[in-house]
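Undergrad: Structure in structure tokens, see below.
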Amino acid sequence: MELTPGKLTPLENGDRLTAALIWLKDVLGAPPKLLQSLETDGGIKLAGDRLRLRLFPPKKSQYEPYNQDLTILYEDDFCLVVHKPAGIKVHPDGMERQPSLANMVSALYSARNEAIAPAHIHRLDEYTSGPVLYAKNDYAQLKLDEAMARKEIGRSYVAFVQGVVDSKLQVIDQPIGKDRHHNQRRRISPTGKHAVTRVDVLEIYLSASLVRLTLETGRTHQIRVHMSHVGHPLVGDSIYGGSTALIPHQALHGEKLSFRHPLNGEMIDVVDPWPSAMTILHEQLQG
């Protein structure tokens, strides 16, 4: 990658490389960990007023490629956002041989003959559909990981829940911890981790509601635990009290992902259309 930072004035007790490192850190916002690695590996080169960074070293994915249609929602040299269907895990967990989203992303770059091994920035439950953000290089990963830690990556979901949700329910602020009686479950626990979900009621049906949910934190099963706790488990979510009469898994879909581009800071909004299972359920509930 080549940049033009303008004239780099050598420091009194330094050189142009030191000035370049300061510019990269203070102006570009490059992570110190990455700069240290680039400097150690000789990944920073100065050529006149040009600054060359070795940000895209070839990498091989650790995941076996698995060819399957993959919906790309956004892609550039730094980021990739793909749609994760319900029933697919983000990455293998060692328990099953079923291909994961990571295997499909690996196949994407293998087919293109590109030595890129994207790293996922966040996860979705196996049976939750929606967009998953990947970093395509170390620079993007460090920047996006920092943004995730600072809660600067926005995620909103739509869900069909049981019962008529009161429009006064707007925020659920309850800590979430592990359920020692059930390995797969989480529960509301005073000693759990801080968790906040914002609720917006969109539609009401005879015995169900359509809600939009925005996460301020990202705890495991957060939406499922919070909605079950307030008496409105997700339709199809048998683990947390939902009925599977209309759909065999939780009716939860990530509809939008928002993040600032790791290089230029531009706000990127990625919308993921509803999958067919959600559309069919919507029609059934309206009818």
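Following the order of the structure tokens, chains are lettered A, B, ..., residues in each are numbered from 1, and ligands are numbered from 1.
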How would you write, as a ChimeraX atom specification, the set of residues in region 100-222 of chain A that DSSP gives as strand (DSSP E)?

TA: /A:119-120,130-135,154-162,171-173,176-178,186-188,196-204,208-215

Undergrad: Could those residues be written to a file, using N, CA and C atoms, as a tab-separated table (two decimals), in the first residue's frame?

TA:
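As a result, again.tsv now contains:
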chain	number	residue	atom	x	y	z
A	119	ALA	N	-10.25	-12.49	8.84
A	119	ALA	CA	-10.55	-12.82	10.23
A	119	ALA	C	-11.90	-12.21	10.60
A	120	HIS	N	-12.78	-13.02	11.19
A	120	HIS	CA	-14.10	-12.48	11.57
A	120	HIS	C	-13.95	-11.54	12.78
A	130	GLY	N	-27.69	-13.23	9.08
A	130	GLY	CA	-27.33	-11.83	9.07
A	130	GLY	C	-25.91	-11.59	8.58
A	131	PRO	N	-25.46	-10.33	8.60
A	131	PRO	CA	-24.14	-9.98	8.09
A	131	PRO	C	-23.02	-10.26	9.09
A	132	VAL	N	-21.91	-10.76	8.58
A	132	VAL	CA	-20.72	-10.99	9.40
A	132	VAL	C	-19.56	-10.20	8.78
A	133	LEU	N	-18.87	-9.43	9.62
A	133	LEU	CA	-17.78	-8.58	9.18
A	133	LEU	C	-16.44	-9.29	9.32
A	134	TYR	N	-15.63	-9.23	8.26
A	134	TYR	CA	-14.30	-9.80	8.26
A	134	TYR	C	-13.26	-8.71	7.95
A	135	ALA	N	-12.08	-8.85	8.54
A	135	ALA	CA	-10.93	-8.01	8.20
A	135	ALA	C	-10.03	-8.80	7.27
A	154	GLY	N	-22.03	-0.87	15.05
A	154	GLY	CA	-23.47	-0.96	15.31
A	154	GLY	C	-24.10	-2.20	14.68
A	155	ARG	N	-24.97	-2.85	15.43
A	155	ARG	CA	-25.67	-4.04	14.93
A	155	ARG	C	-27.13	-3.96	15.31
A	156	SER	N	-28.00	-4.06	14.33
A	156	SER	CA	-29.43	-4.08	14.62
A	156	SER	C	-30.05	-5.34	14.02
A	157	TYR	N	-31.05	-5.86	14.72
A	157	TYR	CA	-31.68	-7.12	14.35
A	157	TYR	C	-33.19	-6.94	14.29
A	158	VAL	N	-33.85	-7.83	13.55
A	158	VAL	CA	-35.30	-7.93	13.62
A	158	VAL	C	-35.63	-9.33	14.12
A	159	ALA	N	-36.69	-9.42	14.91
A	159	ALA	CA	-37.08	-10.71	15.47
A	159	ALA	C	-38.59	-10.77	15.62
A	160	PHE	N	-39.13	-11.96	15.43
A	160	PHE	CA	-40.53	-12.22	15.75
A	160	PHE	C	-40.54	-12.86	17.13
A	161	VAL	N	-41.28	-12.26	18.04
A	161	VAL	CA	-41.33	-12.76	19.41
A	161	VAL	C	-42.76	-13.10	19.78
A	162	GLN	N	-42.90	-13.95	20.78
A	162	GLN	CA	-44.23	-14.38	21.20
A	162	GLN	C	-44.89	-13.33	22.09
A	171	VAL	N	-35.88	-0.50	26.62
A	171	VAL	CA	-34.52	-0.90	26.98
A	171	VAL	C	-34.57	-2.07	27.96
A	172	ILE	N	-33.74	-3.07	27.71
A	172	ILE	CA	-33.55	-4.18	28.65
A	172	ILE	C	-32.11	-4.12	29.12
A	173	ASP	N	-31.92	-3.84	30.39
A	173	ASP	CA	-30.59	-3.70	30.98
A	173	ASP	C	-30.47	-4.73	32.09
A	176	ILE	N	-25.95	-10.82	32.11
A	176	ILE	CA	-26.11	-12.18	31.60
A	176	ILE	C	-24.91	-13.03	32.00
A	177	GLY	N	-25.21	-14.23	32.51
A	177	GLY	CA	-24.15	-15.17	32.89
A	177	GLY	C	-24.48	-16.56	32.39
A	178	LYS	N	-23.59	-17.50	32.65
A	178	LYS	CA	-23.81	-18.89	32.24
A	178	LYS	C	-24.85	-19.55	33.12
A	186	ARG	N	-27.76	-19.42	28.51
A	186	ARG	CA	-27.31	-18.32	29.35
A	186	ARG	C	-28.53	-17.87	30.15
A	187	ARG	N	-28.31	-17.08	31.20
A	187	ARG	CA	-29.43	-16.63	32.03
A	187	ARG	C	-29.13	-15.25	32.61
A	188	ILE	N	-30.18	-14.60	33.09
A	188	ILE	CA	-30.01	-13.35	33.81
A	188	ILE	C	-29.38	-13.68	35.16
A	196	VAL	N	-26.99	-4.74	27.53
A	196	VAL	CA	-28.06	-3.78	27.24
A	196	VAL	C	-28.59	-4.01	25.83
A	197	THR	N	-29.91	-4.17	25.72
A	197	THR	CA	-30.57	-4.33	24.43
A	197	THR	C	-31.66	-3.27	24.31
A	198	ARG	N	-31.68	-2.56	23.18
A	198	ARG	CA	-32.74	-1.57	22.92
A	198	ARG	C	-33.81	-2.20	22.04
A	199	VAL	N	-35.08	-1.90	22.39
A	199	VAL	CA	-36.22	-2.56	21.74
A	199	VAL	C	-37.10	-1.53	21.06
A	200	ASP	N	-37.49	-1.81	19.83
A	200	ASP	CA	-38.41	-0.95	19.09
A	200	ASP	C	-39.49	-1.84	18.49
A	201	VAL	N	-40.74	-1.66	18.92
A	201	VAL	CA	-41.85	-2.48	18.43
A	201	VAL	C	-42.26	-1.99	17.05
A	202	LEU	N	-42.25	-2.89	16.05
A	202	LEU	CA	-42.56	-2.52	14.66
A	202	LEU	C	-43.98	-2.91	14.26
A	203	GLU	N	-44.39	-4.13	14.61
A	203	GLU	CA	-45.73	-4.62	14.24
A	203	GLU	C	-46.26	-5.52	15.35
A	204	ILE	N	-47.58	-5.54	15.48
A	204	ILE	CA	-48.26	-6.39	16.47
A	204	ILE	C	-49.23	-7.32	15.74
A	208	ALA	N	-48.23	-12.44	18.57
A	208	ALA	CA	-46.79	-12.27	18.35
A	208	ALA	C	-46.51	-10.81	17.98
A	209	SER	N	-45.24	-10.46	17.98
A	209	SER	CA	-44.83	-9.10	17.64
A	209	SER	C	-43.55	-9.15	16.81
A	210	LEU	N	-43.39	-8.13	15.97
A	210	LEU	CA	-42.15	-7.94	15.23
A	210	LEU	C	-41.41	-6.78	15.90
A	211	VAL	N	-40.18	-7.02	16.31
A	211	VAL	CA	-39.41	-5.99	17.01
A	211	VAL	C	-38.06	-5.79	16.34
A	212	ARG	N	-37.54	-4.58	16.47
A	212	ARG	CA	-36.17	-4.30	16.06
A	212	ARG	C	-35.34	-4.18	17.34
A	213	LEU	N	-34.19	-4.82	17.35
A	213	LEU	CA	-33.36	-4.88	18.54
A	213	LEU	C	-31.96	-4.38	18.22
A	214	THR	N	-31.48	-3.46	19.01
A	214	THR	CA	-30.15	-2.89	18.81
A	214	THR	C	-29.28	-3.21	20.01
A	215	LEU	N	-28.11	-3.76	19.73
A	215	LEU	CA	-27.21	-4.17	20.82
A	215	LEU	C	-26.26	-3.06	21.21

Undergrad: Within region 121-202 of chain A, find each residue whose DSSP state, derived from the backbone, is helix (DSSP H, G or I), and express the selection as a PyMOL selection string.

TA: chain A and resi 138-149

Undergrad: Go ahead and save the residues from that selection, with N, CA and C atoms, as a compact mmCIF listing (two decimals), in the first residue's frame.

TA:
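Printed below is again-v6.txt as written:
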# COMPACT_ATOMS: atom_id res chain seq x y z
N ASP A 138 -4.03 -7.44 8.57
CA ASP A 138 -3.75 -7.18 9.98
C ASP A 138 -4.14 -5.77 10.40
N TYR A 139 -3.89 -4.81 9.53
CA TYR A 139 -4.25 -3.41 9.85
C TYR A 139 -5.75 -3.31 10.12
N ALA A 140 -6.55 -3.84 9.20
CA ALA A 140 -8.00 -3.77 9.36
C ALA A 140 -8.46 -4.53 10.61
N GLN A 141 -7.84 -5.68 10.87
CA GLN A 141 -8.25 -6.47 12.03
C GLN A 141 -8.00 -5.73 13.33
N LEU A 142 -6.83 -5.13 13.46
CA LEU A 142 -6.51 -4.40 14.69
C LEU A 142 -7.44 -3.20 14.87
N LYS A 143 -7.69 -2.47 13.80
CA LYS A 143 -8.56 -1.29 13.88
C LYS A 143 -10.01 -1.69 14.19
N LEU A 144 -10.49 -2.73 13.54
CA LEU A 144 -11.88 -3.15 13.76
C LEU A 144 -12.05 -3.82 15.12
N ASP A 145 -11.04 -4.54 15.57
CA ASP A 145 -11.10 -5.11 16.92
C ASP A 145 -11.19 -4.00 17.97
N GLU A 146 -10.41 -2.93 17.76
CA GLU A 146 -10.46 -1.79 18.67
C GLU A 146 -11.85 -1.16 18.65
N ALA A 147 -12.41 -0.99 17.45
CA ALA A 147 -13.74 -0.40 17.32
C ALA A 147 -14.79 -1.27 18.01
N MET A 148 -14.65 -2.59 17.89
CA MET A 148 -15.58 -3.51 18.53
C MET A 148 -15.49 -3.38 20.05
N ALA A 149 -14.26 -3.28 20.56
CA ALA A 149 -14.06 -3.16 22.01
C ALA A 149 -14.64 -1.85 22.53

Undergrad: For Ala195 (chain A), work out the shell of residues within 8 Å, counting only C-alpha atoms and skipping chain neighbours fewer than 5 positions away, then give it as a ChimeraX atom specification.

TA: /A:173-176,216-219,222

Undergrad: Need the shell around region 89-106 of chain A: protein/DNA/RNA residues with any atom at most 7 Å away, counting only C-alpha atoms. Skip same-chain ones fewer than 6 positions apart. Format as a PyMOL selection string?

TA: chain A and resi 61+63-68+117+123-124+126

Undergrad: Taking only C-alpha atoms into account, which of A:Leu73, A:Val270, A:Val230, A:Ile88 comes nearest Asp166 (chain A)?

TA: A:Val230

Undergrad: When you look at Gln184 (chain A) with a cut-off of 10 Å (counting only C-alpha atoms), what residues show up, excluding the ones that are within fewer than 4 positions of it in the same chain? I need them as a PDB file with N, CA and C atoms, in the first residue's frame.

TA:
ATOM      1  N   LYS A 178     -23.592 -17.501  32.651  1.00  0.00           N
ATOM      2  CA  LYS A 178     -23.807 -18.886  32.238  1.00  0.00           C
ATOM      3  C   LYS A 178     -24.855 -19.550  33.123  1.00  0.00           C
ATOM      4  N   ASP A 179     -25.555 -20.506  32.543  1.00  0.00           N
ATOM      5  CA  ASP A 179     -26.518 -21.312  33.288  1.00  0.00           C
ATOM      6  C   ASP A 179     -25.816 -22.617  33.669  1.00  0.00           C
ATOM      7  N   ARG A 180     -25.529 -22.782  34.947  1.00  0.00           N
ATOM      8  CA  ARG A 180     -24.755 -23.956  35.367  1.00  0.00           C
ATOM      9  C   ARG A 180     -25.533 -25.258  35.213  1.00  0.00           C
ATOM     10  N   HIS A 221     -25.966 -15.055  23.219  1.00  0.00           N
ATOM     11  CA  HIS A 221     -27.422 -15.239  23.301  1.00  0.00           C
ATOM     12  C   HIS A 221     -28.142 -14.011  23.886  1.00  0.00           C
ATOM     13  N   ILE A 239     -34.958 -23.353  23.093  1.00  0.00           N
ATOM     14  CA  ILE A 239     -34.061 -23.335  24.255  1.00  0.00           C
ATOM     15  C   ILE A 239     -34.528 -22.324  25.297  1.00  0.00           C
TER      16      ILE A 239
END

Undergrad: Would you work out the distance separating CA of Leu206 (chain A) from CA of Pro248 (chain A), expressed in Å to one decimal?

TA: 20.2 Å

Undergrad: I'd like the interatomic distance between CA of Ile268 (chain A) and CA of Tyr74 (chain A), to a tenth of an Å.

TA: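 Interatomic distance here is 9.1 Å.
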
Undergrad: Of the candidates A:Leu38, A:Leu17, A:Ala30, A:Leu234, which shows the shortest atom-to-atom distance to Pro57 (chain A), using only C-alpha atoms?

TA: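 The closest residue to Pro57 (chain A) is A:Leu38.
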
Undergrad: List the spatial neighbours of Thr279 (chain A) as a list in words - criterion: any atom at most 12 Å away, only C-alpha atoms, same-chain residues fewer than 4 positions off excluded.

TA: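 Once the adjacent positions are removed, what remains is Val158, Ala159, Phe160, Leu210, Ile247, Ala251, Leu252, His253, Pro273, Trp274, Pro275, Glu283, Gln284, Leu285 and Gln286 of chain A.
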
Undergrad: Between A:His194, A:Phe56, A:Leu46, A:Ile223, which has the minimum distance to Lys136 (chain A) (counting only C-alpha atoms)?

TA: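 Among A:His194, A:Phe56, A:Leu46, A:Ile223, it is A:Phe56 that comes nearest to Lys136 (chain A).
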